[in-house]
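Input: a single structure, listed below in structure tokens.
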Amino acid sequence: GENVEQHPSTLSVQEGDSAVIKCTYSDSASNYFPWYKQELGKRPQLIIDIRSNVGEKKDQRIAVTLNKTAKHFSLHITETQPEDSAVYFCAALLEGSGYALNFGKGTSLLVTP
Amino acid sequence: GAVVSQHPSRVICKSGTSVKIECRSLDFQATTMFWYRQFPKKSLMLMATSNEGSKATYEQGVEKDKFLINHASLTLSTLTVTSAHPEDSSFYICSARRDVSADTQYFGPGTRLTVL
């Protein structure tokens, strides 16, 4: 099955700086890679996703890059704000397989003013 | 669109009792729903995949007789924790896949179960 590794487990940045979270996956057939943001006690919220037919996707301050050859994908948050503080999870999936998402272990991001 | 609700949001029960958690897709039909549990500061652990009209598929190590899953309609899946024990205390979250051609999953708000 798919195995998703996520690094770092914790990340602390100053407001305005950029934050990068990296994930690797094991199954080369995986083709769908979402990122979720979870605040304490709340549900995971989809913030961005990418499919394997593109290498990069951007939505305002958030971007995701995908390197299929190396089997890794990264979340980039620019101009971080305190409200970006949360736990971020990456996931991977073979689209159409009917399988559940395979989640990374999460990155706790703290943005200090 | 793509709203998923869960009920109850919090439940406290005595050891040995059963607890039912409902997961509903409010504005779409979900042929597949997933149940996860999440311990504090940990990732989401998949418990089972619930398909409408068929038996759930459980992950290795998850007792199907203890965690009963029913997906009787395209908008409702239920998880019943039978004979709950303190070690079952956790945050249970469901998610729903909107359609068979896309794997975007939308999560419910979660249910905090505390077994005394």
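Please note that chains go A, B, ... in the order of the structure tokens, that every chain numbers its residues from 1, and that ligands are numbered from 1 in the order shown.
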
Would you give me, as JSON lines, each residue of chain B having an atom within 6 Å of an atom of chain A, along with its shortest atom pair and that distance in Å to one decimal, using only C-alpha atoms and sorting by chain and residue number?
```
{"residue": "B:Ser43", "atom": "CA", "partner": "A:Lys105", "partner_atom": "CA", "distance": 4.9}
{"residue": "B:Asp103", "atom": "CA", "partner": "A:Glu95", "partner_atom": "CA", "distance": 5.9}
{"residue": "B:Pro109", "atom": "CA", "partner": "A:Arg43", "partner_atom": "CA", "distance": 4.6}
```

From the set A:Gln14, A:Gln60, A:Thr69, A:Ser74, which residue has the shortest atom-to-atom contact distance to Ala29 (chain A), counting only C-alpha atoms?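 Smallest separation from Ala29 (chain A) among the options: A:Thr69.
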
Test item: residues at most 9 Å from Lys66 (chain B), only C-alpha atoms, excluding those fewer than 6 positions along its chain, as a list in words: Thr80, Val81, Thr82, Ser83 and Ala84 of chain B

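Closest approach to Tyr36 (chain A) from the set A:Val4, A:Ala92, A:Ile48, A:Val13 is made by A:Ile48, with distances taken over only C-alpha atoms.
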
Counting only C-alpha atoms, the residue among B:Val3, B:Ile69, B:Ala48, B:Cys94 that lies closest to Phe28 (chain B) is B:Val3

All strand (DSSP E) residues (DSSP, backbone) inside region 31-88 of chain B, as a list in words: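 Here is the list: Thr32, Met33, Phe34, Trp35, Tyr36, Arg37, Gln38, Met45, Leu46, Met47, Ala48, Thr49, Ser50, Asn51, Thr57, Tyr58, Phe67, Leu68, Ile69, Asn70, His71, Ala72, Ser73, Leu76, Ser77, Thr78, Leu79, Thr80 and Val81 of chain B.
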
Emit the selected residues as a PDB file, in the first residue's frame, including N, CA and C atoms.
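Everything below was put into out.pdb:
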```pdb
ATOM      1  N   THR B  32     -19.419   6.792  -1.106  1.00  0.00           N
ATOM      2  CA  THR B  32     -18.382   6.277  -0.216  1.00  0.00           C
ATOM      3  C   THR B  32     -18.127   7.261   0.908  1.00  0.00           C
ATOM      4  N   MET B  33     -18.111   6.734   2.112  1.00  0.00           N
ATOM      5  CA  MET B  33     -17.724   7.525   3.279  1.00  0.00           C
ATOM      6  C   MET B  33     -16.613   6.778   3.995  1.00  0.00           C
ATOM      7  N   PHE B  34     -15.800   7.510   4.697  1.00  0.00           N
ATOM      8  CA  PHE B  34     -14.664   6.939   5.409  1.00  0.00           C
ATOM      9  C   PHE B  34     -14.735   7.343   6.884  1.00  0.00           C
ATOM     10  N   TRP B  35     -14.323   6.442   7.732  1.00  0.00           N
ATOM     11  CA  TRP B  35     -14.271   6.726   9.162  1.00  0.00           C
ATOM     12  C   TRP B  35     -12.819   6.686   9.641  1.00  0.00           C
ATOM     13  N   TYR B  36     -12.453   7.739  10.352  1.00  0.00           N
ATOM     14  CA  TYR B  36     -11.111   7.859  10.904  1.00  0.00           C
ATOM     15  C   TYR B  36     -11.208   8.063  12.414  1.00  0.00           C
ATOM     16  N   ARG B  37     -10.139   7.712  13.089  1.00  0.00           N
ATOM     17  CA  ARG B  37     -10.001   8.142  14.475  1.00  0.00           C
ATOM     18  C   ARG B  37      -8.673   8.875  14.608  1.00  0.00           C
ATOM     19  N   GLN B  38      -8.662   9.810  15.505  1.00  0.00           N
ATOM     20  CA  GLN B  38      -7.482  10.647  15.650  1.00  0.00           C
ATOM     21  C   GLN B  38      -7.188  10.845  17.124  1.00  0.00           C
ATOM     22  N   MET B  45      -6.163   8.172  11.420  1.00  0.00           N
ATOM     23  CA  MET B  45      -5.994   6.746  11.149  1.00  0.00           C
ATOM     24  C   MET B  45      -7.281   6.203  10.569  1.00  0.00           C
ATOM     25  N   LEU B  46      -7.206   5.675   9.367  1.00  0.00           N
ATOM     26  CA  LEU B  46      -8.391   5.129   8.728  1.00  0.00           C
ATOM     27  C   LEU B  46      -8.862   3.888   9.467  1.00  0.00           C
ATOM     28  N   MET B  47     -10.136   3.862   9.764  1.00  0.00           N
ATOM     29  CA  MET B  47     -10.728   2.692  10.412  1.00  0.00           C
ATOM     30  C   MET B  47     -11.420   1.803   9.396  1.00  0.00           C
ATOM     31  N   ALA B  48     -12.232   2.428   8.532  1.00  0.00           N
ATOM     32  CA  ALA B  48     -13.011   1.635   7.597  1.00  0.00           C
ATOM     33  C   ALA B  48     -13.515   2.501   6.467  1.00  0.00           C
ATOM     34  N   THR B  49     -13.807   1.834   5.371  1.00  0.00           N
ATOM     35  CA  THR B  49     -14.425   2.461   4.204  1.00  0.00           C
ATOM     36  C   THR B  49     -15.843   1.961   4.118  1.00  0.00           C
ATOM     37  N   SER B  50     -16.769   2.892   4.005  1.00  0.00           N
ATOM     38  CA  SER B  50     -18.181   2.566   4.034  1.00  0.00           C
ATOM     39  C   SER B  50     -18.815   2.861   2.679  1.00  0.00           C
ATOM     40  N   ASN B  51     -19.321   1.834   2.039  1.00  0.00           N
ATOM     41  CA  ASN B  51     -19.980   1.998   0.750  1.00  0.00           C
ATOM     42  C   ASN B  51     -21.477   1.779   0.898  1.00  0.00           C
ATOM     43  N   THR B  57     -15.549  -1.982   4.609  1.00  0.00           N
ATOM     44  CA  THR B  57     -14.233  -2.608   4.537  1.00  0.00           C
ATOM     45  C   THR B  57     -13.387  -2.044   5.664  1.00  0.00           C
ATOM     46  N   TYR B  58     -12.948  -2.917   6.557  1.00  0.00           N
ATOM     47  CA  TYR B  58     -12.213  -2.481   7.732  1.00  0.00           C
ATOM     48  C   TYR B  58     -10.706  -2.582   7.516  1.00  0.00           C
ATOM     49  N   PHE B  67     -16.718  -1.967  16.138  1.00  0.00           N
ATOM     50  CA  PHE B  67     -17.016  -0.716  15.440  1.00  0.00           C
ATOM     51  C   PHE B  67     -17.944  -1.056  14.270  1.00  0.00           C
ATOM     52  N   LEU B  68     -19.234  -0.968  14.547  1.00  0.00           N
ATOM     53  CA  LEU B  68     -20.229  -1.333  13.550  1.00  0.00           C
ATOM     54  C   LEU B  68     -20.520  -0.149  12.640  1.00  0.00           C
ATOM     55  N   ILE B  69     -20.441  -0.397  11.346  1.00  0.00           N
ATOM     56  CA  ILE B  69     -20.669   0.667  10.381  1.00  0.00           C
ATOM     57  C   ILE B  69     -21.825   0.294   9.485  1.00  0.00           C
ATOM     58  N   ASN B  70     -22.728   1.250   9.319  1.00  0.00           N
ATOM     59  CA  ASN B  70     -23.879   1.064   8.461  1.00  0.00           C
ATOM     60  C   ASN B  70     -23.998   2.253   7.524  1.00  0.00           C
ATOM     61  N   HIS B  71     -24.139   1.979   6.242  1.00  0.00           N
ATOM     62  CA  HIS B  71     -24.259   3.048   5.244  1.00  0.00           C
ATOM     63  C   HIS B  71     -25.534   2.786   4.458  1.00  0.00           C
ATOM     64  N   ALA B  72     -26.661   3.098   5.095  1.00  0.00           N
ATOM     65  CA  ALA B  72     -27.957   2.691   4.574  1.00  0.00           C
ATOM     66  C   ALA B  72     -28.465   3.571   3.451  1.00  0.00           C
ATOM     67  N   SER B  73     -27.939   4.780   3.342  1.00  0.00           N
ATOM     68  CA  SER B  73     -28.397   5.667   2.278  1.00  0.00           C
ATOM     69  C   SER B  73     -27.217   6.429   1.721  1.00  0.00           C
ATOM     70  N   LEU B  76     -26.065   9.088   4.480  1.00  0.00           N
ATOM     71  CA  LEU B  76     -25.904   8.791   5.898  1.00  0.00           C
ATOM     72  C   LEU B  76     -25.083   7.528   6.119  1.00  0.00           C
ATOM     73  N   SER B  77     -24.075   7.662   6.964  1.00  0.00           N
ATOM     74  CA  SER B  77     -23.324   6.513   7.454  1.00  0.00           C
ATOM     75  C   SER B  77     -23.256   6.627   8.967  1.00  0.00           C
ATOM     76  N   THR B  78     -23.364   5.508   9.651  1.00  0.00           N
ATOM     77  CA  THR B  78     -23.280   5.534  11.113  1.00  0.00           C
ATOM     78  C   THR B  78     -22.173   4.617  11.591  1.00  0.00           C
ATOM     79  N   LEU B  79     -21.538   5.044  12.658  1.00  0.00           N
ATOM     80  CA  LEU B  79     -20.516   4.253  13.335  1.00  0.00           C
ATOM     81  C   LEU B  79     -20.999   4.016  14.752  1.00  0.00           C
ATOM     82  N   THR B  80     -21.112   2.765  15.138  1.00  0.00           N
ATOM     83  CA  THR B  80     -21.514   2.431  16.502  1.00  0.00           C
ATOM     84  C   THR B  80     -20.338   1.782  17.213  1.00  0.00           C
ATOM     85  N   VAL B  81     -19.922   2.408  18.287  1.00  0.00           N
ATOM     86  CA  VAL B  81     -18.868   1.846  19.128  1.00  0.00           C
ATOM     87  C   VAL B  81     -19.565   1.015  20.191  1.00  0.00           C
TER      88      VAL B  81
END
```

Work out how far apart CA of Trp35 (chain A) and CA of Arg112 (chain B) are and give it in Å to one decimal.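 Interatomic distance here is 23.2 Å.
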